[in-house]
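Have a look at the structure below before the remarks.
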Amino acid sequence: MTRPEVRIYEVGPRDGLQAEATVVSTDAKLAFIGLLADAGLREIETTSLVSAKAIPQMADADELLRRLERRPGVRYPVLVPNARGLERAIAAGMDAICLVTAATDSYVQRNIGMSIDQSLAVFEPIAVEARHRGWWIRAYVSTAFGCPYDGEVDERAVVSVAERLLRLGADELSISDTVGVATPTDVRRVVEALVAEGIRPEVIALHLHDTRGTALANVMAALELGIRCFDASTGGTGGSPYAPGSAGNLATEDLVYLLDREGVRTDVDLDGVLAAARFIAGQLGSQVSSKVGRAGGWPR
């Protein structure tokens, strides 16, 4: 089977739900993940192995992974913040993990209670063990375009953290617009700086928040730069609990519609994504907030 032209990396079950006030049941999360796989999504970030006190929505992570139906051809990464999270990932039989740091110390401090240097020191033995086990490793560089505490972020800071994560053994970098401030000019500035330092577009993904309505414009700019992986959250849910003012992620249905109309193959079915979006909105007691979620696809 040929690979799609663009990979859509689904973050709804983890990043999409982590900041929601309504706690979604384990049964509903499992049903949501199943609907996402039915829609053709082949990378579904499933949960976060963090303290339940820190992120109450992820308190059922161990039960969720125990009961998860792992379909052939679908990758189910989990976020691993520390050594305890690694132990839980091993116990659950996972084979793909995510590490999260940022381009600014201020954000990392509020997110995981340490500096960038400290976070990378914590991640090093986790990455060593993951590589030993043959796991796939994804690393997030949060606040790559702007920080809620420090303001504008220099692309050199993004490059520095990205290079260190690759040296740890990351297979993919998710360059994150955590507070949704980027415009196409910012995307070009940061991506071009990464590529200029020898980081290939093939290992770069973009994690875009649509806080200010620029996410799809940023996707188009990134496509022109050779980026072929984009993070999205079905239903447009999400936002960082540590980033005041951040709104939801780029909605998967909006991204699929755009790429379909542009003739870019994703192997993801829009109707299936819309069904998943309606389902999770119902679990949260809300309406689907995305543009395509409200209007539907075209032609009808």
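Chain labels run A, B, ... following the order of the structure tokens; each chain numbers its residues from 1, and ligands are numbered from 1 in the order shown.
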
| Those in region 57-297 of chain A with helix (DSSP H, G or I) from DSSP, as a ChimeraX atom specification | /A:57-58,61-67,83-91,105-112,116-132,155-168,184-196,201-203,215-224,234-236,252-261,270-284,291-295

Take the selection from the previous step and output its residues with C-alpha atoms, as a compact mmCIF listing (two decimals), in the first residue's frame.
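Generated file (result28.txt):
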# COMPACT_ATOMS: atom_id res chain seq x y z
CA GLN A 57 -8.42 13.78 32.49
CA MET A 58 -5.57 11.27 32.19
CA ALA A 61 -4.34 6.02 31.52
CA ASP A 62 -3.33 2.56 32.78
CA GLU A 63 -6.86 1.16 32.46
CA LEU A 64 -7.27 2.74 29.03
CA LEU A 65 -4.08 1.12 27.74
CA ARG A 66 -5.00 -2.23 29.27
CA ARG A 67 -8.33 -2.23 27.44
CA ALA A 83 10.98 7.49 34.69
CA ARG A 84 7.71 6.47 36.35
CA GLY A 85 5.90 7.12 33.07
CA LEU A 86 8.44 4.92 31.29
CA GLU A 87 7.75 2.08 33.72
CA ARG A 88 4.03 2.39 33.03
CA ALA A 89 4.61 2.42 29.26
CA ILE A 90 6.68 -0.76 29.52
CA ALA A 91 4.04 -2.44 31.67
CA ASP A 105 12.51 27.77 30.21
CA SER A 106 9.50 29.67 31.53
CA TYR A 107 7.04 27.34 29.82
CA VAL A 108 8.90 24.14 30.71
CA GLN A 109 9.03 25.26 34.34
CA ARG A 110 5.27 25.75 34.50
CA ASN A 111 4.53 22.64 32.45
CA ILE A 112 6.76 20.04 34.10
CA ILE A 116 14.97 22.87 29.44
CA ASP A 117 18.35 21.42 30.47
CA GLN A 118 16.78 19.49 33.34
CA SER A 119 14.02 18.13 31.12
CA LEU A 120 16.53 16.83 28.59
CA ALA A 121 18.54 15.22 31.38
CA VAL A 122 15.38 13.41 32.52
CA PHE A 123 14.59 12.35 28.96
CA GLU A 124 18.04 10.92 28.19
CA PRO A 125 17.68 7.59 30.07
CA ILE A 126 14.09 7.30 28.83
CA ALA A 127 15.27 7.69 25.24
CA VAL A 128 18.10 5.21 25.78
CA GLU A 129 15.67 2.58 27.05
CA ALA A 130 13.16 3.34 24.29
CA ARG A 131 15.82 2.95 21.60
CA HIS A 132 16.98 -0.30 23.22
CA GLU A 155 14.14 30.59 15.98
CA ARG A 156 17.67 29.89 17.21
CA ALA A 157 16.22 28.70 20.51
CA VAL A 158 13.95 26.30 18.62
CA VAL A 159 16.86 24.97 16.58
CA SER A 160 18.99 24.45 19.69
CA VAL A 161 16.36 22.36 21.47
CA ALA A 162 15.47 20.45 18.29
CA GLU A 163 19.09 19.46 17.68
CA ARG A 164 19.47 18.22 21.26
CA LEU A 165 16.30 16.13 20.99
CA LEU A 166 17.54 14.53 17.78
CA ARG A 167 20.82 13.68 19.50
CA LEU A 168 18.78 11.93 22.20
CA PRO A 184 2.88 31.86 7.55
CA THR A 185 5.86 34.21 7.87
CA ASP A 186 6.65 32.69 11.27
CA VAL A 187 6.31 29.17 9.91
CA ARG A 188 8.75 29.95 7.12
CA ARG A 189 11.17 31.61 9.54
CA VAL A 190 11.28 28.67 11.96
CA VAL A 191 11.14 25.81 9.45
CA GLU A 192 13.79 27.37 7.23
CA ALA A 193 16.06 27.83 10.27
CA LEU A 194 15.67 24.15 11.16
CA VAL A 195 16.37 23.00 7.61
CA ALA A 196 19.37 25.33 7.35
CA PRO A 201 11.65 18.30 6.56
CA GLU A 202 10.81 14.59 6.74
CA VAL A 203 11.43 14.55 10.52
CA ALA A 215 -3.71 27.35 11.51
CA LEU A 216 -4.84 26.43 7.99
CA ALA A 217 -2.86 29.27 6.44
CA ASN A 218 0.16 27.93 8.32
CA VAL A 219 -0.49 24.45 6.92
CA MET A 220 -0.38 25.81 3.37
CA ALA A 221 2.89 27.62 4.05
CA ALA A 222 4.41 24.49 5.58
CA LEU A 223 3.38 22.34 2.62
CA GLU A 224 5.37 24.63 0.35
CA THR A 234 -10.86 15.81 15.96
CA GLY A 235 -13.55 18.25 17.03
CA GLY A 236 -10.98 21.02 17.47
CA THR A 252 -8.80 17.29 12.10
CA GLU A 253 -11.97 17.74 10.03
CA ASP A 254 -10.88 21.23 8.91
CA LEU A 255 -7.46 19.89 7.94
CA VAL A 256 -8.86 16.89 6.06
CA TYR A 257 -11.31 19.09 4.16
CA LEU A 258 -8.58 21.52 3.13
CA LEU A 259 -6.22 18.79 1.98
CA ASP A 260 -8.98 16.90 0.16
CA ARG A 261 -9.99 20.03 -1.76
CA LEU A 270 -13.91 13.15 6.33
CA ASP A 271 -17.31 11.65 7.13
CA GLY A 272 -15.65 9.29 9.59
CA VAL A 273 -13.81 12.15 11.28
CA LEU A 274 -17.05 14.15 11.51
CA ALA A 275 -18.75 11.18 13.17
CA ALA A 276 -15.92 11.04 15.74
CA ALA A 277 -16.13 14.82 16.25
CA ARG A 278 -19.86 14.67 16.95
CA PHE A 279 -19.33 11.78 19.34
CA ILE A 280 -16.68 13.48 21.47
CA ALA A 281 -18.60 16.76 21.47
CA GLY A 282 -21.57 14.88 22.87
CA GLN A 283 -19.42 13.38 25.60
CA LEU A 284 -18.20 16.87 26.52
CA LYS A 291 -15.91 25.26 10.83
CA VAL A 292 -16.26 22.01 8.89
CA GLY A 293 -17.84 20.34 11.92
CA ARG A 294 -20.63 22.87 11.68
CA ALA A 295 -20.95 23.24 7.91

| query | If we count only C-alpha atoms, what is near Ala96 (chain A) at a cut-off of 9 Å, once residues fewer than 5 positions away on the same chain are taken out, given as a list in words? | reply |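 So, after excluding close chain neighbours, the residues are Arg75, Tyr76, Pro77, Val78, Leu79, Ala89, Ala130, Gly134, Trp135, Trp136, Ile137 and Arg138 of chain A.
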
| query | If you measure from CA of Phe230 (chain A) to CA of Ala205 (chain A), what distance in Å do you get, rounded to one decimal? | reply |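 So the two atoms, CA of Phe230 (chain A) and CA of Ala205 (chain A), lie 5.5 Å apart.
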
| query | Pick from A:Ile55, A:Cys147, A:Val80, A:Ala139: nearest to Ala21 (chain A), with only C-alpha atoms counted? | reply |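 With only C-alpha atoms as the atom set, the closest residue is A:Ile55.
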
Find the spatial neighbours of Leu206 (chain A), counting only C-alpha atoms, within a cut-off of 8 Å - ignore same-chain residues fewer than 4 positions away - and output them as a compact mmCIF listing (two decimals) with N, CA, C and O atoms, in the first residue's frame.
# COMPACT_ATOMS: atom_id res chain seq x y z
N SER A 174 7.93 17.49 16.74
CA SER A 174 6.69 18.22 16.55
C SER A 174 6.92 19.65 17.01
O SER A 174 7.05 19.92 18.21
N ILE A 175 7.01 20.56 16.07
CA ILE A 175 7.29 21.96 16.35
C ILE A 175 5.95 22.65 16.62
O ILE A 175 5.09 22.73 15.73
N SER A 176 5.78 23.14 17.84
CA SER A 176 4.44 23.45 18.34
C SER A 176 4.17 24.93 18.50
O SER A 176 4.93 25.65 19.17
N ASP A 177 3.04 25.35 17.92
CA ASP A 177 2.53 26.71 18.13
C ASP A 177 1.55 26.65 19.30
O ASP A 177 0.33 26.71 19.12
N ILE A 227 6.95 20.18 4.46
CA ILE A 227 6.45 19.51 5.66
C ILE A 227 5.29 18.62 5.26
O ILE A 227 4.37 19.06 4.55
N CYS A 229 3.73 16.29 7.71
CA CYS A 229 3.02 15.74 8.87
C CYS A 229 2.45 16.89 9.69
O CYS A 229 3.17 17.86 10.01
N PHE A 230 1.17 16.80 10.01
CA PHE A 230 0.50 17.83 10.78
C PHE A 230 -0.31 17.19 11.91
O PHE A 230 -1.01 16.20 11.69
N ASP A 231 -0.19 17.77 13.09
CA ASP A 231 -0.99 17.32 14.23
C ASP A 231 -2.36 17.98 14.16
O ASP A 231 -2.49 19.14 13.75

| task | Compile the contact shell of Gly248 (chain A) as JSON, numbers by chain: residues with an atom at most 9 Å away, counting only C-alpha atoms, same-chain residues fewer than 2 positions apart removed. | result | {"A": [16, 180, 209, 210, 211, 233, 235, 236, 237, 238, 239, 240, 246, 250, 251]}
